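Let me begin by presenting the structure, written as structure tokens, before commenting on it.
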2 protein chains.
Amino acid sequence: MDKKIPYKIYLSEDEIPTQWYNVRADMKNKPAPLINPGTGQPLTLEDLNPIFCEDLNKQELDNETPYFDIPQEIQDFYKMYRPSPLIRAYFLEKALGTPAHIYYKFEGNNTSGSHKLNSSIAQAYYAKKQGLKGVTTETGAGQWGTALSMACSYFDLDCKVYMVKCSYEQKPFRREVMRTYGATVTPSPSMTTQVGKKILSEHPDTTGSLGCAISEAVEAAVTNPGYRYVLGSVLNQVLLHQTIIGLETQKALKKYDIKPDIIIGCAGGGSNLGGLATPFIGEMLRGEADYKVIAVEPASCPSFTRGKYAYDFCDTGMICPLAKMYTLGSQFIPSANHAGGLRFHGMSPILSQLYHDGLFEARAVEQTAVFEAATQFARVEGILPAPESSHAIRVAIDEALKCKETGEAKNIVFGLTGTGYFDLYAYEQYNSKTMTDVIPSDETIAEYLAKLPKVGNE
Amino acid sequence: MDKKIPYKIYLSEDEIPTQWYNVRADMKNKPAPLINPGTGQPLTLEDLNPIFCEDLNKQELDNETPYFDIPQEIQDFYKMYRPSPLIRAYFLEKALGTPAHIYYKFEGNNTSGSHKLNSSIAQAYYAKKQGLKGVTTETGAGQWGTALSMACSYFDLDCKVYMVKCSYEQKPFRREVMRTYGATVTPSPSMTTQVGKKILSEHPDTTGSLGCAISEAVEAAVTNPGYRYVLGSVLNQVLLHQTIIGLETQKALKKYDIKPDIIIGCAGGGSNLGGLATPFIGEMLRGEADYKVIAVEPASCPSFTRGKYAYDFCDTGMICPLAKMYTLGSQFIPSANHAGGLRFHGMSPILSQLYHDGLFEARAVEQTAVFEAATQFARVEGILPAPESSHAIRVAIDEALKCKETGEAKNIVFGLTGTGYFDLYAYEQYNSKTMTDVIPSDETIAEYLAKLPKVGNE
């Protein structure tokens, strides 16, 4: 074992970054603006303010400012669970017999169980600062809802969570954590909103999707005075807040003079990948360094690898703004047989533009292969990973095994976004060998892509 | 906020202790020996070796050696999740408005979710060294079973876990983590052992107890060639391994010149309290320092505060050796209404002797008050605590509020043994206000104490 590099590289609290990084400032091709589906015009602050928090909207639309100061209140909260460790996977390397050096940035050591807390505390802070009563949101696997509940509890804000129905039923524990932190949790689609009623009347047996839940949460925000809608991924502001992950990773690597060769993150809406990778991609955009960055997505919901780069709705109910992104179509709902998160049909507009410009590559992986990697990792590294994070583990192991073949001692860095403590039904499926891979056919994908809106795409 | 002391004090990996501390070496009054219930004679290595691992038995009987070297293989594994942080509870202090400084040693940042991994990895190591095929054990809340499964997976040992039936049913997720790590999990009492059959024929509706499960696991060890029994608490060897907690705490406090006034730990079988407190109690025994140490136990299972210091069986089946300890009687089974762990009728013989000699005090707390403290702590400190650990939180808050009255800035240190991610049914009970306190009557306790064995007590 390398004597110089410890198992866990911790920064001191003084070293936690005090600014977030906005990769848009370094992008020559800026991400396409959100547009109003009614007018086809780019959205303005005035359009956004009735739905989202004002300061967050400024962050959303700012393509120029490279760094945003992190308010002191948020810095204080970060100290509760940050800095997160960058862990050298000595045990995994040994198990694989690879000459590669594998590192993972572990964001699961907080009660939300994931990186989502990095943005939820920021969004709750700005909502409080604006004098709001509360916020509404959707949650898929439950990580974002838990993170937002914790943040709202901290700032004494009301929190209404619409939880994708299949997760609500499969993950009663995550639901109960949210309730412990004082949130109201409603399974989506529900009869509490117009859009929920409409979806249920058309698809009474639906197990829900992130897209449906977004529609309901937005409706609840605009129809309840003193409420705004907040979102845990996809948006530019979320990627901004999540850069705390990549910025800490850069500092930790620098402490030991480690230059990463490969950077790997799972991608659902893009908040983890964007948070981890954009500070590195910024170096590439500025011509300072070159990295191989890999986005990993589920084969059952392959936005980057089989989707289209086009304007689309972010939600199934088609009430949100249009974003230009890699999408499978807003009506695409991944198979209920898919066990993990990353169930979103679209993708962060920032990452979509960067992918379109060739700044990183993408791979789709099947879920049984993902859980195989998860189990191998858990047994040697001692951390039971979230299914989402395990997509990145799968590709990190694949890359490390390639190094074994070639004899190259590459530095591989991946994001371990969270723990799988609330995903044991999925592990049970895998352990009992009832898990299968369901991959959408070309016909299915073509069918949904044919329904993309005309606005923005003509 | 105090500028000098960070939120989280981390030792470097070089500073992780390389020896465990054996408080028995400093005790003038040694703990009473285990005795053979058949002969009334103290147990020897020869008596113990058919049941337990040989090297562990040497540790068990050694009252003289003050420090034991931690084998390199165990030190390597410790680096996977240690050092654990000593956290300054700035947010809790602020919420309480107390001048006290509160610190907690957090052992929950590993997939077993608790401190139990500190001893399970040691026990698995010595079992492997002895060339065994596997080990058997019992688990209550599931923390010990999970920790042992992880350790056995690491050393490629078979692991048979008898899980207290009510936990098996209430905590399917914990059970599934054990299975992910390759363990066999059986609800106890079961029909797989003679003692299980006997208990079920006498009490067909029993929800089980740690005592029952111990009896079954011991029987499974002695009837399966190549297996030995291992135990997650009570035994001297377990307290020895757990001193890594207290030794790290001492080093972390010394880094910032903090002298603790009050040290608080929850007590079920005693492994956490012993691990945290005996290095400090050792200083007291050697006349080097003085601390107020408080053991916190559930009012529904009050071994220290309402039990008797006498020889008793460690297990309900009465097949284990007799230990001199504070006990409620081996037939005492806490109410199924009691939601947390700490369900054991007896107590570590080392702690029992120290308590008998006045080295620390004990308090019994009711579970609704415990969950009130747990929820308050979760909301401000961001960590959802295990019900067991929350007993210590309750008393830490009580002591901090006393400081608020007196204006004293005492240093309070408590052990946060683990997280409550697998205890959400208990939180649900508390959240929905269906949780009640059940405290055994004096008559009930007297009834069970009247049944203590004669051997050792005459």
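If you're wondering about the labels, chains in the structure tokens are A, B, ... by order shown, residues count from 1 in each chain, ligands from 1 in order shown.
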
- request: Show me which bits of chain A are within 6 Å of chain B, counting only C-alpha atoms, as a VMD selection string.
  value: chain A and resid 111 173 383 424

Surrounding residues of Gln72 of chain B excluding itself and chain neighbours under 3 positions, 12 Å, only C-alpha atoms, as a compact mmCIF listing (two decimals) with C-alpha atoms, in the first residue's frame:
```txt
# COMPACT_ATOMS: atom_id res chain seq x y z
CA PRO B 17 -4.46 3.86 18.85
CA THR B 18 -2.49 0.67 18.19
CA GLN B 19 -3.31 -0.94 21.53
CA ASP B 69 -1.46 -4.81 20.80
CA GLN B 75 -5.54 -1.91 12.34
CA ASP B 76 -5.89 -2.01 8.54
CA PHE B 77 -9.62 -2.67 8.77
CA TYR B 78 -10.05 0.09 11.37
CA LYS B 79 -8.69 2.53 8.79
CA ILE B 121 -13.68 -7.35 13.28
CA ALA B 122 -11.41 -8.37 16.16
CA TYR B 125 -9.87 -12.02 13.00
```

- prompt: Quick one: of B:Leu45, B:Gly418, B:Ile333, B:Leu354, who's nearest to Met284 of chain B, counting only C-alpha atoms?
  reply: B:Leu354

field: segment 130-145 of chain A surroundings by only C-alpha atoms, 6 Å radius, close-in-sequence under 4 positions cut, as a ChimeraX atom specification
entry: /A:112,116,157-164,167,174,210,213-214,217,221,226-230,232,341

Go ahead and write the residues just picked, C-alpha atoms, as a compact mmCIF listing (two decimals), in the first residue's frame.
```txt
# COMPACT_ATOMS: atom_id res chain seq x y z
CA SER A 112 -30.14 12.51 4.14
CA LYS A 116 -28.54 16.34 -1.98
CA LEU A 157 -39.85 26.38 6.85
CA ASP A 158 -42.86 24.25 5.94
CA CYS A 159 -42.00 21.47 3.49
CA LYS A 160 -44.46 19.67 1.18
CA VAL A 161 -42.98 16.69 -0.61
CA TYR A 162 -44.57 14.81 -3.54
CA MET A 163 -42.96 11.39 -3.57
CA VAL A 164 -43.01 9.11 -6.63
CA SER A 167 -40.83 4.86 -3.93
CA ARG A 174 -37.24 7.27 3.95
CA LEU A 210 -40.20 12.09 -11.21
CA ALA A 213 -44.23 14.50 -9.13
CA ILE A 214 -42.57 17.67 -10.43
CA ALA A 217 -45.16 20.09 -6.70
CA ALA A 221 -46.32 25.99 -5.11
CA GLY A 226 -46.13 32.10 0.41
CA TYR A 227 -44.79 28.93 -1.21
CA ARG A 228 -42.27 28.38 -3.97
CA TYR A 229 -41.13 25.29 -5.77
CA VAL A 230 -37.61 23.90 -5.32
CA GLY A 232 -33.09 18.80 -6.39
CA GLY A 341 -33.05 6.20 -8.79
```

message: To one decimal place in Å, what is the distance between atom CA of Gly456 of chain B and atom CA of Gln353 of chain B?
response: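 Atom-to-atom, atom CA of Gly456 of chain B to atom CA of Gln353 of chain B, that is 15.3 Å.
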
field: Residue list (strand (DSSP E or B), DSSP) for segment 132-322 of chain B, as a PyMOL selection string
entry: chain B and resi 134-139+158-164+184-188+227-229+262-266+292-298+308-313+322

message: Just checking: using only C-alpha atoms, which residue out of B:Val455, B:Val370, B:Val218, B:Cys212 ends up closest to Lys165 of chain B?
response: B:Cys212

task: Check segment 237-440 of chain B with DSSP on the backbone and list each residue it calls helix (DSSP H, G or I), as an MDAnalysis selection string.
output: chainID B and resid 237:255 271:285 303:306 349:356 367:381 387:406 424:431

message: Env of Ala252 of chain B: 9 Å cut, atoms = only C-alpha atoms, seq-sep filter 5 positions within chain, self excluded. Answer as JSON, numbers by chain.
response: {"B": [9, 10, 11, 85, 86, 247, 257, 258]}

- prompt: Just how far from atom CA of Thr316 of chain A is atom CA of Pro31 of chain A, in Å to one decimal?
  reply: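 We find that atom CA of Pro31 of chain A and atom CA of Thr316 of chain A lie 22.2 Å from each other.
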
field: Closest of B:Pro42, B:Pro349, B:Pro50, B:Pro321 to Leu239 of chain B - atom-to-atom distances counting only C-alpha atoms
entry: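 Closest candidate: B:Pro349.
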
field: Test item: residues at most 8 Å from Lys30 of chain B, only C-alpha atoms, excluding those fewer than 4 positions along its chain, as an NGL selection string
entry: :B and (24 or 63 or 350 or 353)

Go ahead and write the residues just picked, N, CA and C atoms, as an mmCIF file, in the first residue's frame.
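part30.cif, written as the output of this step:
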```
data_model
loop_
_atom_site.group_PDB
_atom_site.id
_atom_site.type_symbol
_atom_site.label_atom_id
_atom_site.label_comp_id
_atom_site.auth_asym_id
_atom_site.auth_seq_id
_atom_site.Cartn_x
_atom_site.Cartn_y
_atom_site.Cartn_z
ATOM 1 N N ARG B 24 -9.096 -3.766 33.705
ATOM 2 C CA ARG B 24 -8.944 -4.707 34.827
ATOM 3 C C ARG B 24 -7.567 -4.628 35.477
ATOM 4 N N ASN B 63 -6.638 -10.446 33.771
ATOM 5 C CA ASN B 63 -6.931 -9.290 34.630
ATOM 6 C C ASN B 63 -5.701 -8.421 34.877
ATOM 7 N N ILE B 350 -17.288 -6.294 34.377
ATOM 8 C CA ILE B 350 -16.324 -5.228 34.685
ATOM 9 C C ILE B 350 -17.073 -3.980 35.151
ATOM 10 N N GLN B 353 -18.669 -4.352 38.607
ATOM 11 C CA GLN B 353 -17.748 -4.173 39.727
ATOM 12 C C GLN B 353 -17.406 -2.690 39.916
#
```
